[in-house]
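Shown next: start36.csv, given as CSV, N, CA, C and O atoms.
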```
chain,number,residue,atom,x,y,z
A,1,VAL,N,35.3,-119.7,-76.6
A,1,VAL,CA,35.4,-118.8,-77.7
A,1,VAL,C,36.0,-119.6,-78.9
A,1,VAL,O,37.0,-120.2,-78.8
A,2,PHE,N,35.3,-119.5,-79.9
A,2,PHE,CA,35.8,-120.0,-81.2
A,2,PHE,C,36.6,-118.9,-81.9
A,2,PHE,O,35.9,-117.9,-82.4
A,3,GLY,N,37.9,-119.0,-81.9
A,3,GLY,CA,38.7,-117.9,-82.5
A,3,GLY,C,39.2,-117.0,-81.4
A,3,GLY,O,38.8,-115.8,-81.3
A,4,LEU,N,40.0,-117.6,-80.5
A,4,LEU,CA,40.5,-116.8,-79.3
A,4,LEU,C,41.6,-115.9,-79.7
A,4,LEU,O,42.8,-116.2,-79.4
A,5,GLY,N,41.3,-114.9,-80.3
A,5,GLY,CA,42.3,-113.9,-80.8
A,5,GLY,C,42.3,-112.6,-79.9
A,5,GLY,O,41.8,-112.6,-78.8
A,6,TYR,N,42.8,-111.6,-80.5
A,6,TYR,CA,43.0,-110.3,-79.8
A,6,TYR,C,41.7,-109.8,-79.2
A,6,TYR,O,41.6,-109.5,-77.9
A,7,SER,N,40.6,-109.7,-79.9
A,7,SER,CA,39.4,-109.1,-79.4
A,7,SER,C,38.8,-110.0,-78.3
A,7,SER,O,38.4,-109.5,-77.2
A,8,ALA,N,38.7,-111.3,-78.5
A,8,ALA,CA,38.2,-112.2,-77.5
A,8,ALA,C,39.0,-112.2,-76.2
A,8,ALA,O,38.5,-112.3,-75.1
A,9,LEU,N,40.4,-112.1,-76.4
A,9,LEU,CA,41.2,-112.1,-75.2
A,9,LEU,C,41.0,-110.8,-74.4
A,9,LEU,O,41.2,-110.8,-73.2
A,10,GLN,N,40.7,-109.7,-75.0
A,10,GLN,CA,40.4,-108.4,-74.3
A,10,GLN,C,39.1,-108.7,-73.4
A,10,GLN,O,39.1,-108.2,-72.3
A,11,LEU,N,38.1,-109.3,-74.0
A,11,LEU,CA,36.9,-109.7,-73.2
A,11,LEU,C,37.3,-110.7,-72.1
A,11,LEU,O,36.9,-110.5,-70.9
A,12,ALA,N,38.1,-111.7,-72.4
A,12,ALA,CA,38.5,-112.6,-71.4
A,12,ALA,C,39.2,-111.9,-70.2
A,12,ALA,O,39.0,-112.3,-69.0
A,13,ASP,N,40.1,-111.0,-70.5
A,13,ASP,CA,40.8,-110.2,-69.4
A,13,ASP,C,39.8,-109.5,-68.5
A,13,ASP,O,40.2,-109.3,-67.3
A,14,ARG,N,38.7,-109.2,-69.0
A,14,ARG,CA,37.7,-108.5,-68.1
A,14,ARG,C,36.8,-109.5,-67.4
A,14,ARG,O,36.3,-109.2,-66.3
A,15,LEU,N,36.5,-110.6,-68.0
A,15,LEU,CA,35.6,-111.6,-67.4
A,15,LEU,C,36.3,-112.5,-66.3
A,15,LEU,O,35.7,-112.9,-65.3
A,16,ARG,N,37.6,-112.9,-66.6
A,16,ARG,CA,38.3,-113.8,-65.7
A,16,ARG,C,38.3,-113.3,-64.2
A,16,ARG,O,38.1,-114.0,-63.3
A,17,PRO,N,38.6,-112.0,-64.0
A,17,PRO,CA,38.6,-111.5,-62.6
A,17,PRO,C,37.3,-111.6,-61.9
A,17,PRO,O,37.2,-111.5,-60.7
A,18,GLN,N,36.2,-111.7,-62.7
A,18,GLN,CA,34.9,-111.8,-62.2
A,18,GLN,C,34.5,-113.3,-61.9
A,18,GLN,O,33.3,-113.6,-61.6
A,19,GLY,N,35.4,-114.2,-62.1
A,19,GLY,CA,35.2,-115.6,-61.9
A,19,GLY,C,34.8,-116.4,-63.1
A,19,GLY,O,34.6,-117.6,-62.9
A,20,TRP,N,34.8,-115.9,-64.3
A,20,TRP,CA,34.5,-116.6,-65.5
A,20,TRP,C,35.7,-117.5,-65.8
A,20,TRP,O,36.8,-117.1,-65.7
A,21,ARG,N,35.4,-118.7,-66.2
A,21,ARG,CA,36.4,-119.7,-66.8
A,21,ARG,C,36.3,-119.5,-68.3
A,21,ARG,O,35.3,-119.5,-68.9
A,22,VAL,N,37.5,-119.3,-68.9
A,22,VAL,CA,37.6,-119.0,-70.3
A,22,VAL,C,38.3,-120.2,-71.0
A,22,VAL,O,39.3,-120.7,-70.6
A,23,ALA,N,37.6,-120.6,-72.1
A,23,ALA,CA,38.2,-121.7,-72.9
A,23,ALA,C,38.0,-121.3,-74.4
A,23,ALA,O,37.1,-120.5,-74.7
A,24,GLY,N,38.9,-121.7,-75.2
A,24,GLY,CA,38.7,-121.3,-76.6
A,24,GLY,C,39.6,-122.1,-77.6
A,24,GLY,O,40.5,-122.9,-77.2
A,25,THR,N,39.4,-121.8,-78.8
A,25,THR,CA,40.2,-122.4,-79.9
A,25,THR,C,41.2,-121.5,-80.5
A,25,THR,O,41.0,-120.2,-80.6
A,26,VAL,N,42.4,-122.0,-80.8
A,26,VAL,CA,43.5,-121.3,-81.4
A,26,VAL,C,44.0,-122.2,-82.6
A,26,VAL,O,43.7,-123.4,-82.7
A,27,ARG,N,44.8,-121.6,-83.4
A,27,ARG,CA,45.3,-122.4,-84.6
A,27,ARG,C,46.6,-123.1,-84.4
A,27,ARG,O,46.9,-124.0,-85.1
A,28,THR,N,47.4,-122.7,-83.4
A,28,THR,CA,48.7,-123.3,-83.2
A,28,THR,C,48.9,-123.8,-81.8
A,28,THR,O,48.3,-123.3,-80.8
A,29,ALA,N,49.7,-124.8,-81.7
A,29,ALA,CA,50.1,-125.4,-80.4
A,29,ALA,C,50.9,-124.4,-79.5
A,29,ALA,O,50.7,-124.3,-78.3
A,30,ALA,N,51.7,-123.6,-80.2
A,30,ALA,CA,52.4,-122.6,-79.4
A,30,ALA,C,51.5,-121.5,-78.7
A,30,ALA,O,51.7,-121.2,-77.6
A,31,LYS,N,50.5,-121.1,-79.5
A,31,LYS,CA,49.6,-120.1,-78.8
A,31,LYS,C,48.8,-120.8,-77.7
A,31,LYS,O,48.5,-120.2,-76.7
A,32,ALA,N,48.4,-122.1,-78.0
A,32,ALA,CA,47.6,-122.8,-76.9
A,32,ALA,C,48.5,-122.9,-75.7
A,32,ALA,O,48.0,-122.7,-74.6
A,33,ALA,N,49.7,-123.2,-75.8
A,33,ALA,CA,50.6,-123.3,-74.6
A,33,ALA,C,50.7,-122.0,-73.9
A,33,ALA,O,50.7,-122.0,-72.6
A,34,ILE,N,50.9,-120.9,-74.6
A,34,ILE,CA,51.0,-119.6,-73.9
A,34,ILE,C,49.7,-119.3,-73.1
A,34,ILE,O,49.7,-118.9,-72.0
A,35,LEU,N,48.5,-119.5,-73.8
A,35,LEU,CA,47.3,-119.3,-73.1
A,35,LEU,C,47.0,-120.2,-71.9
A,35,LEU,O,46.5,-119.8,-70.9
A,36,GLN,N,47.4,-121.5,-72.1
A,36,GLN,CA,47.2,-122.4,-71.0
A,36,GLN,C,48.1,-122.1,-69.8
A,36,GLN,O,47.6,-122.2,-68.7
A,37,ALA,N,49.3,-121.5,-70.0
A,37,ALA,CA,50.1,-121.0,-69.0
A,37,ALA,C,49.5,-119.9,-68.2
A,37,ALA,O,49.8,-119.6,-67.0
A,38,GLU,N,48.6,-119.2,-68.9
A,38,GLU,CA,47.8,-118.0,-68.3
A,38,GLU,C,46.5,-118.5,-67.6
A,38,GLU,O,45.8,-117.6,-67.2
A,39,GLY,N,46.2,-119.8,-67.7
A,39,GLY,CA,45.0,-120.3,-67.1
A,39,GLY,C,43.8,-120.4,-68.0
A,39,GLY,O,42.7,-120.5,-67.5
A,40,ILE,N,44.0,-120.2,-69.3
A,40,ILE,CA,42.9,-120.3,-70.3
A,40,ILE,C,43.0,-121.7,-70.9
A,40,ILE,O,44.1,-122.1,-71.3
A,41,ASP,N,41.9,-122.4,-71.0
A,41,ASP,CA,41.8,-123.7,-71.6
A,41,ASP,C,41.7,-123.5,-73.1
A,41,ASP,O,40.7,-123.5,-73.7
A,42,ALA,N,42.9,-123.5,-73.7
A,42,ALA,CA,43.0,-123.3,-75.1
A,42,ALA,C,43.2,-124.6,-75.8
A,42,ALA,O,44.0,-125.4,-75.4
A,43,GLN,N,42.5,-124.8,-76.9
A,43,GLN,CA,42.6,-126.0,-77.7
A,43,GLN,C,43.0,-125.6,-79.1
A,43,GLN,O,42.4,-124.7,-79.7
A,44,VAL,N,43.8,-126.4,-79.8
A,44,VAL,CA,44.1,-126.2,-81.2
A,44,VAL,C,43.0,-126.8,-82.0
A,44,VAL,O,42.6,-128.0,-81.8
A,45,TRP,N,42.4,-126.0,-82.9
A,45,TRP,CA,41.3,-126.4,-83.7
A,45,TRP,C,41.5,-125.7,-85.0
A,45,TRP,O,41.5,-124.4,-85.1
A,46,ALA,N,41.5,-126.4,-86.1
A,46,ALA,CA,41.8,-125.8,-87.5
A,46,ALA,C,40.5,-125.4,-88.2
A,46,ALA,O,40.5,-125.0,-89.3
A,47,GLY,N,39.3,-125.5,-87.5
A,47,GLY,CA,38.1,-125.1,-88.1
A,47,GLY,C,37.3,-126.3,-88.7
A,47,GLY,O,36.2,-126.0,-89.2
A,48,GLU,N,37.8,-127.5,-88.5
A,48,GLU,CA,37.1,-128.6,-89.0
A,48,GLU,C,37.2,-129.7,-87.9
A,48,GLU,O,38.1,-129.8,-87.2
A,49,GLY,N,36.2,-130.6,-87.9
A,49,GLY,CA,36.2,-131.7,-87.0
A,49,GLY,C,35.6,-131.4,-85.6
A,49,GLY,O,35.1,-130.3,-85.4
A,50,ARG,N,35.8,-132.4,-84.7
A,50,ARG,CA,35.3,-132.2,-83.4
A,50,ARG,C,36.2,-131.4,-82.5
A,50,ARG,O,37.3,-131.2,-82.7
A,51,PHE,N,35.6,-130.9,-81.4
A,51,PHE,CA,36.3,-130.2,-80.4
A,51,PHE,C,35.6,-130.4,-79.0
A,51,PHE,O,34.4,-130.9,-79.0
A,52,ASP,N,36.3,-130.2,-77.9
A,52,ASP,CA,35.7,-130.3,-76.6
A,52,ASP,C,35.1,-129.0,-76.2
A,52,ASP,O,35.7,-128.0,-76.2
A,53,VAL,N,33.8,-129.1,-75.7
A,53,VAL,CA,33.1,-127.9,-75.2
A,53,VAL,C,32.8,-128.1,-73.7
A,53,VAL,O,32.2,-129.2,-73.4
A,54,PRO,N,33.3,-127.3,-72.8
A,54,PRO,CA,32.9,-127.4,-71.4
A,54,PRO,C,31.4,-127.4,-71.2
A,54,PRO,O,30.7,-126.7,-71.9
A,55,GLU,N,31.0,-128.2,-70.2
A,55,GLU,CA,29.6,-128.3,-69.9
A,55,GLU,C,29.1,-126.9,-69.5
A,55,GLU,O,29.8,-126.2,-68.8
A,56,ASN,N,27.8,-126.6,-69.9
A,56,ASN,CA,27.2,-125.3,-69.6
A,56,ASN,C,27.9,-124.1,-70.1
A,56,ASN,O,27.8,-123.0,-69.5
A,57,ALA,N,28.6,-124.3,-71.2
A,57,ALA,CA,29.4,-123.2,-71.7
A,57,ALA,C,28.5,-122.2,-72.5
A,57,ALA,O,27.5,-122.6,-73.0
A,58,HIS,N,28.9,-121.0,-72.4
A,58,HIS,CA,28.4,-119.9,-73.3
A,58,HIS,C,29.3,-119.8,-74.5
A,58,HIS,O,30.5,-119.8,-74.3
A,59,TRP,N,28.8,-119.7,-75.7
A,59,TRP,CA,29.6,-119.7,-76.9
A,59,TRP,C,29.8,-118.3,-77.4
A,59,TRP,O,28.8,-117.5,-77.5
A,60,LEU,N,31.0,-117.9,-77.7
A,60,LEU,CA,31.3,-116.7,-78.4
A,60,LEU,C,32.1,-117.1,-79.7
A,60,LEU,O,33.1,-117.8,-79.6
A,61,ILE,N,31.6,-116.7,-80.8
A,61,ILE,CA,32.2,-117.1,-82.1
A,61,ILE,C,32.8,-115.8,-82.7
A,61,ILE,O,32.0,-114.9,-83.1
A,62,THR,N,34.1,-115.8,-82.9
A,62,THR,CA,34.8,-114.6,-83.6
A,62,THR,C,35.4,-115.1,-84.8
A,62,THR,O,36.3,-114.3,-85.4
A,63,LEU,N,35.1,-116.3,-85.3
A,63,LEU,CA,35.7,-116.8,-86.6
A,63,LEU,C,34.9,-116.2,-87.8
A,63,LEU,O,33.7,-116.0,-87.7
A,64,PRO,N,35.6,-115.9,-88.9
A,64,PRO,CA,34.9,-115.5,-90.1
A,64,PRO,C,34.2,-116.7,-90.7
A,64,PRO,O,34.7,-117.8,-90.6
A,65,PRO,N,33.1,-116.5,-91.4
A,65,PRO,CA,32.5,-117.7,-92.1
A,65,PRO,C,33.3,-118.1,-93.3
A,65,PRO,O,34.0,-117.3,-93.9
A,66,GLY,N,33.2,-119.4,-93.6
A,66,GLY,CA,33.8,-119.9,-94.8
A,66,GLY,C,32.8,-120.1,-95.9
A,66,GLY,O,31.6,-119.6,-95.7
A,67,ARG,N,33.1,-120.7,-96.9
A,67,ARG,CA,32.2,-120.9,-98.1
A,67,ARG,C,31.0,-121.7,-97.6
A,67,ARG,O,29.9,-121.5,-98.2
A,68,SER,N,31.2,-122.6,-96.7
A,68,SER,CA,30.1,-123.5,-96.2
A,68,SER,C,29.3,-122.9,-95.0
A,68,SER,O,28.4,-123.5,-94.5
A,69,GLY,N,29.7,-121.7,-94.6
A,69,GLY,CA,29.0,-121.1,-93.4
A,69,GLY,C,30.0,-121.0,-92.2
A,69,GLY,O,31.2,-121.0,-92.4
A,70,CYS,N,29.4,-120.9,-91.1
A,70,CYS,CA,30.2,-120.7,-89.8
A,70,CYS,C,30.8,-122.1,-89.4
A,70,CYS,O,30.1,-123.0,-89.2
A,71,PRO,N,32.2,-122.1,-89.3
A,71,PRO,CA,32.8,-123.4,-89.0
A,71,PRO,C,32.4,-123.9,-87.6
A,71,PRO,O,32.3,-125.1,-87.4
A,72,ALA,N,32.2,-123.0,-86.7
A,72,ALA,CA,31.8,-123.5,-85.3
A,72,ALA,C,30.4,-124.1,-85.3
A,72,ALA,O,30.1,-125.1,-84.7
A,73,VAL,N,29.5,-123.5,-86.1
A,73,VAL,CA,28.1,-124.0,-86.1
A,73,VAL,C,28.1,-125.4,-86.9
A,73,VAL,O,27.5,-126.3,-86.4
A,74,ILE,N,28.9,-125.5,-87.9
A,74,ILE,CA,29.0,-126.7,-88.7
A,74,ILE,C,29.5,-127.8,-87.7
A,74,ILE,O,29.0,-128.9,-87.7
A,75,ALA,N,30.6,-127.5,-87.0
A,75,ALA,CA,31.2,-128.5,-86.1
A,75,ALA,C,30.2,-128.8,-84.9
A,75,ALA,O,30.2,-130.0,-84.5
A,76,ALA,N,29.5,-127.9,-84.5
A,76,ALA,CA,28.5,-128.1,-83.4
A,76,ALA,C,27.4,-129.1,-83.8
A,76,ALA,O,27.0,-129.9,-83.0
A,77,ARG,N,27.1,-129.1,-85.1
A,77,ARG,CA,26.1,-130.1,-85.6
A,77,ARG,C,26.6,-131.5,-85.4
A,77,ARG,O,25.9,-132.4,-85.1
A,78,GLU,N,27.9,-131.7,-85.5
A,78,GLU,CA,28.5,-133.0,-85.3
A,78,GLU,C,28.4,-133.4,-83.8
A,78,GLU,O,28.5,-134.6,-83.5
A,79,LEU,N,28.3,-132.5,-82.9
A,79,LEU,CA,28.2,-132.8,-81.4
A,79,LEU,C,26.8,-133.3,-81.1
A,79,LEU,O,26.7,-134.0,-80.1
A,80,ALA,N,25.8,-132.9,-81.9
A,80,ALA,CA,24.4,-133.2,-81.5
A,80,ALA,C,24.1,-134.7,-81.8
A,80,ALA,O,24.7,-135.4,-82.4
```
Rewritten as structure tokens:
Amino acid sequence: VFGLGYSALQLADRLRPQGWRVAGTVRTAAKAAILQAEGIDAQVWAGEGRFDVPENAHWLITLPPGRSGCPAVIAARELA
């Protein structure tokens, strides 16, 4: 999940009991630590640069677009 905030966490709470592994981006190390303690693979990502994506991941983007477009799509181009 790009933008692992309130709405995405509601979905995560429903998917994890079904066996889904949830990973996502957050803005602060403090939030990442809290989610990691709950078993969510949270990474700090400010919306620019590279990030780690688990193999065979399904992407959910809940970030607002910036002036240049969707930050997750822009960063994904760097992965290709």
All residues 8 Å or closer to region 35-39 of chain A, only N, CA, C and O atoms, same chain fewer than 6 positions away omitted, as number ranges by chain
A: 20-23, 28-29
Could you tell me how far CA of Leu9 (chain A) sits from atom O of Leu63 (chain A), in Å to one decimal place?
15.1 Å
Rounded to one decimal place, report the atom O of Arg27 (chain A)-atom O of Glu55 (chain A) distance in Å.
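Interatomic distance, atom O of Arg27 (chain A) to atom O of Glu55 (chain A): 23.7 Å.
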Backbone DSSP call of strand (DSSP E) for chain A, listed as a list of chain:residue names
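Selection result, strand (DSSP E) within chain A: A:Ala23, A:Gly24, A:Thr25, A:Val26, A:Asp41, A:Ala42, A:Gln43, A:Val44.
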Can you measure CA of Pro17 (chain A) to CA of Asp52 (chain A) for me? One decimal in Å is fine.
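Value for the CA of Pro17 (chain A)-CA of Asp52 (chain A) distance: 23.6 Å.
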Closest to Ala72 (chain A) among A:Asp13, A:Gly47, A:Gln18, A:Tyr6, using all atoms listed in the file?
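Closest candidate: A:Gly47.
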Closest of A:Ala75, A:Ala30, A:Thr25, A:Arg16 to Leu60 (chain A), counting only C-alpha atoms, is A:Thr25
Check the DSSP output for the backbone and give back, as number ranges by chain, the residues of chain A in helix (DSSP H, G or I).
A: 6-18, 29-37, 71-79
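The closest residue to Ile40 (chain A), picked from A:Gly3, A:Gly24, A:Pro64, A:Gly69 and counting only C-alpha atoms, is A:Gly24.
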Using only N, CA, C and O atoms for the distances, tell me which of A:Ala32, A:Val26, A:Leu4, A:Ala76 is nearest to Ile61 (chain A).
A:Leu4
Can you sort out region 45-56 of chain A so it carries all heavy atoms, written as a PDB file, keeping the file's coordinate frame?
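As a result, out_5.pdb now contains:
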```pdb
ATOM      1  N   TRP A  45      42.400-126.000 -82.900  1.00  0.00           N
ATOM      2  CA  TRP A  45      41.300-126.400 -83.700  1.00  0.00           C
ATOM      3  C   TRP A  45      41.500-125.700 -85.000  1.00  0.00           C
ATOM      4  O   TRP A  45      41.500-124.400 -85.100  1.00  0.00           O
ATOM      5  CB  TRP A  45      39.995-126.140 -83.068  1.00  0.00           C
ATOM      6  CG  TRP A  45      38.820-126.655 -83.805  1.00  0.00           C
ATOM      7  CD1 TRP A  45      38.527-127.967 -84.072  1.00  0.00           C
ATOM      8  CD2 TRP A  45      37.739-125.900 -84.359  1.00  0.00           C
ATOM      9  NE1 TRP A  45      37.340-128.067 -84.751  1.00  0.00           N
ATOM     10  CE2 TRP A  45      36.831-126.809 -84.946  1.00  0.00           C
ATOM     11  CE3 TRP A  45      37.452-124.541 -84.418  1.00  0.00           C
ATOM     12  CZ2 TRP A  45      35.667-126.406 -85.582  1.00  0.00           C
ATOM     13  CZ3 TRP A  45      36.293-124.144 -85.042  1.00  0.00           C
ATOM     14  CH2 TRP A  45      35.408-125.070 -85.614  1.00  0.00           C
ATOM     15  N   ALA A  46      41.500-126.400 -86.100  1.00  0.00           N
ATOM     16  CA  ALA A  46      41.800-125.800 -87.500  1.00  0.00           C
ATOM     17  C   ALA A  46      40.500-125.400 -88.200  1.00  0.00           C
ATOM     18  O   ALA A  46      40.500-125.000 -89.300  1.00  0.00           O
ATOM     19  CB  ALA A  46      42.530-126.783 -88.334  1.00  0.00           C
ATOM     20  N   GLY A  47      39.300-125.500 -87.500  1.00  0.00           N
ATOM     21  CA  GLY A  47      38.100-125.100 -88.100  1.00  0.00           C
ATOM     22  C   GLY A  47      37.300-126.300 -88.700  1.00  0.00           C
ATOM     23  O   GLY A  47      36.200-126.000 -89.200  1.00  0.00           O
ATOM     24  N   GLU A  48      37.800-127.500 -88.500  1.00  0.00           N
ATOM     25  CA  GLU A  48      37.100-128.600 -89.000  1.00  0.00           C
ATOM     26  C   GLU A  48      37.200-129.700 -87.900  1.00  0.00           C
ATOM     27  O   GLU A  48      38.100-129.800 -87.200  1.00  0.00           O
ATOM     28  CB  GLU A  48      37.712-129.156 -90.242  1.00  0.00           C
ATOM     29  CG  GLU A  48      37.607-128.202 -91.398  1.00  0.00           C
ATOM     30  CD  GLU A  48      38.277-128.762 -92.640  1.00  0.00           C
ATOM     31  OE1 GLU A  48      38.925-129.822 -92.560  1.00  0.00           O
ATOM     32  OE2 GLU A  48      38.153-128.117 -93.684  1.00  0.00           O
ATOM     33  N   GLY A  49      36.200-130.600 -87.900  1.00  0.00           N
ATOM     34  CA  GLY A  49      36.200-131.700 -87.000  1.00  0.00           C
ATOM     35  C   GLY A  49      35.600-131.400 -85.600  1.00  0.00           C
ATOM     36  O   GLY A  49      35.100-130.300 -85.400  1.00  0.00           O
ATOM     37  N   ARG A  50      35.800-132.400 -84.700  1.00  0.00           N
ATOM     38  CA  ARG A  50      35.300-132.200 -83.400  1.00  0.00           C
ATOM     39  C   ARG A  50      36.200-131.400 -82.500  1.00  0.00           C
ATOM     40  O   ARG A  50      37.300-131.200 -82.700  1.00  0.00           O
ATOM     41  CB  ARG A  50      35.084-133.633 -82.779  1.00  0.00           C
ATOM     42  CG  ARG A  50      34.062-134.464 -83.561  1.00  0.00           C
ATOM     43  CD  ARG A  50      33.778-135.777 -82.890  1.00  0.00           C
ATOM     44  NE  ARG A  50      33.215-135.655 -81.566  1.00  0.00           N
ATOM     45  CZ  ARG A  50      31.918-135.444 -81.294  1.00  0.00           C
ATOM     46  NH1 ARG A  50      31.060-135.320 -82.270  1.00  0.00           N
ATOM     47  NH2 ARG A  50      31.490-135.372 -80.052  1.00  0.00           N
ATOM     48  N   PHE A  51      35.600-130.900 -81.400  1.00  0.00           N
ATOM     49  CA  PHE A  51      36.300-130.200 -80.400  1.00  0.00           C
ATOM     50  C   PHE A  51      35.600-130.400 -79.000  1.00  0.00           C
ATOM     51  O   PHE A  51      34.400-130.900 -79.000  1.00  0.00           O
ATOM     52  CB  PHE A  51      36.298-128.689 -80.692  1.00  0.00           C
ATOM     53  CG  PHE A  51      34.936-128.156 -81.036  1.00  0.00           C
ATOM     54  CD1 PHE A  51      34.055-127.767 -80.054  1.00  0.00           C
ATOM     55  CD2 PHE A  51      34.537-128.062 -82.362  1.00  0.00           C
ATOM     56  CE1 PHE A  51      32.790-127.295 -80.384  1.00  0.00           C
ATOM     57  CE2 PHE A  51      33.280-127.587 -82.696  1.00  0.00           C
ATOM     58  CZ  PHE A  51      32.409-127.208 -81.699  1.00  0.00           C
ATOM     59  N   ASP A  52      36.300-130.200 -77.900  1.00  0.00           N
ATOM     60  CA  ASP A  52      35.700-130.300 -76.600  1.00  0.00           C
ATOM     61  C   ASP A  52      35.100-129.000 -76.200  1.00  0.00           C
ATOM     62  O   ASP A  52      35.700-128.000 -76.200  1.00  0.00           O
ATOM     63  CB  ASP A  52      36.735-130.755 -75.607  1.00  0.00           C
ATOM     64  CG  ASP A  52      37.302-132.125 -75.927  1.00  0.00           C
ATOM     65  OD1 ASP A  52      36.529-132.984 -76.393  1.00  0.00           O
ATOM     66  OD2 ASP A  52      38.496-132.336 -75.703  1.00  0.00           O
ATOM     67  N   VAL A  53      33.800-129.100 -75.700  1.00  0.00           N
ATOM     68  CA  VAL A  53      33.100-127.900 -75.200  1.00  0.00           C
ATOM     69  C   VAL A  53      32.800-128.100 -73.700  1.00  0.00           C
ATOM     70  O   VAL A  53      32.200-129.200 -73.400  1.00  0.00           O
ATOM     71  CB  VAL A  53      31.829-127.616 -75.949  1.00  0.00           C
ATOM     72  CG1 VAL A  53      31.105-126.427 -75.346  1.00  0.00           C
ATOM     73  CG2 VAL A  53      32.122-127.373 -77.419  1.00  0.00           C
ATOM     74  N   PRO A  54      33.300-127.300 -72.800  1.00  0.00           N
ATOM     75  CA  PRO A  54      32.900-127.400 -71.400  1.00  0.00           C
ATOM     76  C   PRO A  54      31.400-127.400 -71.200  1.00  0.00           C
ATOM     77  O   PRO A  54      30.700-126.700 -71.900  1.00  0.00           O
ATOM     78  CB  PRO A  54      33.582-126.226 -70.730  1.00  0.00           C
ATOM     79  CG  PRO A  54      34.631-125.759 -71.683  1.00  0.00           C
ATOM     80  CD  PRO A  54      34.110-126.091 -73.046  1.00  0.00           C
ATOM     81  N   GLU A  55      31.000-128.200 -70.200  1.00  0.00           N
ATOM     82  CA  GLU A  55      29.600-128.300 -69.900  1.00  0.00           C
ATOM     83  C   GLU A  55      29.100-126.900 -69.500  1.00  0.00           C
ATOM     84  O   GLU A  55      29.800-126.200 -68.800  1.00  0.00           O
ATOM     85  CB  GLU A  55      29.325-129.332 -68.810  1.00  0.00           C
ATOM     86  CG  GLU A  55      27.862-129.549 -68.566  1.00  0.00           C
ATOM     87  CD  GLU A  55      27.551-130.968 -68.167  1.00  0.00           C
ATOM     88  OE1 GLU A  55      28.376-131.861 -68.404  1.00  0.00           O
ATOM     89  OE2 GLU A  55      26.459-131.163 -67.622  1.00  0.00           O
ATOM     90  N   ASN A  56      27.800-126.600 -69.900  1.00  0.00           N
ATOM     91  CA  ASN A  56      27.200-125.300 -69.600  1.00  0.00           C
ATOM     92  C   ASN A  56      27.900-124.100 -70.100  1.00  0.00           C
ATOM     93  O   ASN A  56      27.800-123.000 -69.500  1.00  0.00           O
ATOM     94  CB  ASN A  56      26.962-125.205 -68.053  1.00  0.00           C
ATOM     95  CG  ASN A  56      26.079-126.288 -67.504  1.00  0.00           C
ATOM     96  OD1 ASN A  56      25.060-126.630 -68.110  1.00  0.00           O
ATOM     97  ND2 ASN A  56      26.462-126.871 -66.391  1.00  0.00           N
TER      98      ASN A  56
END
```
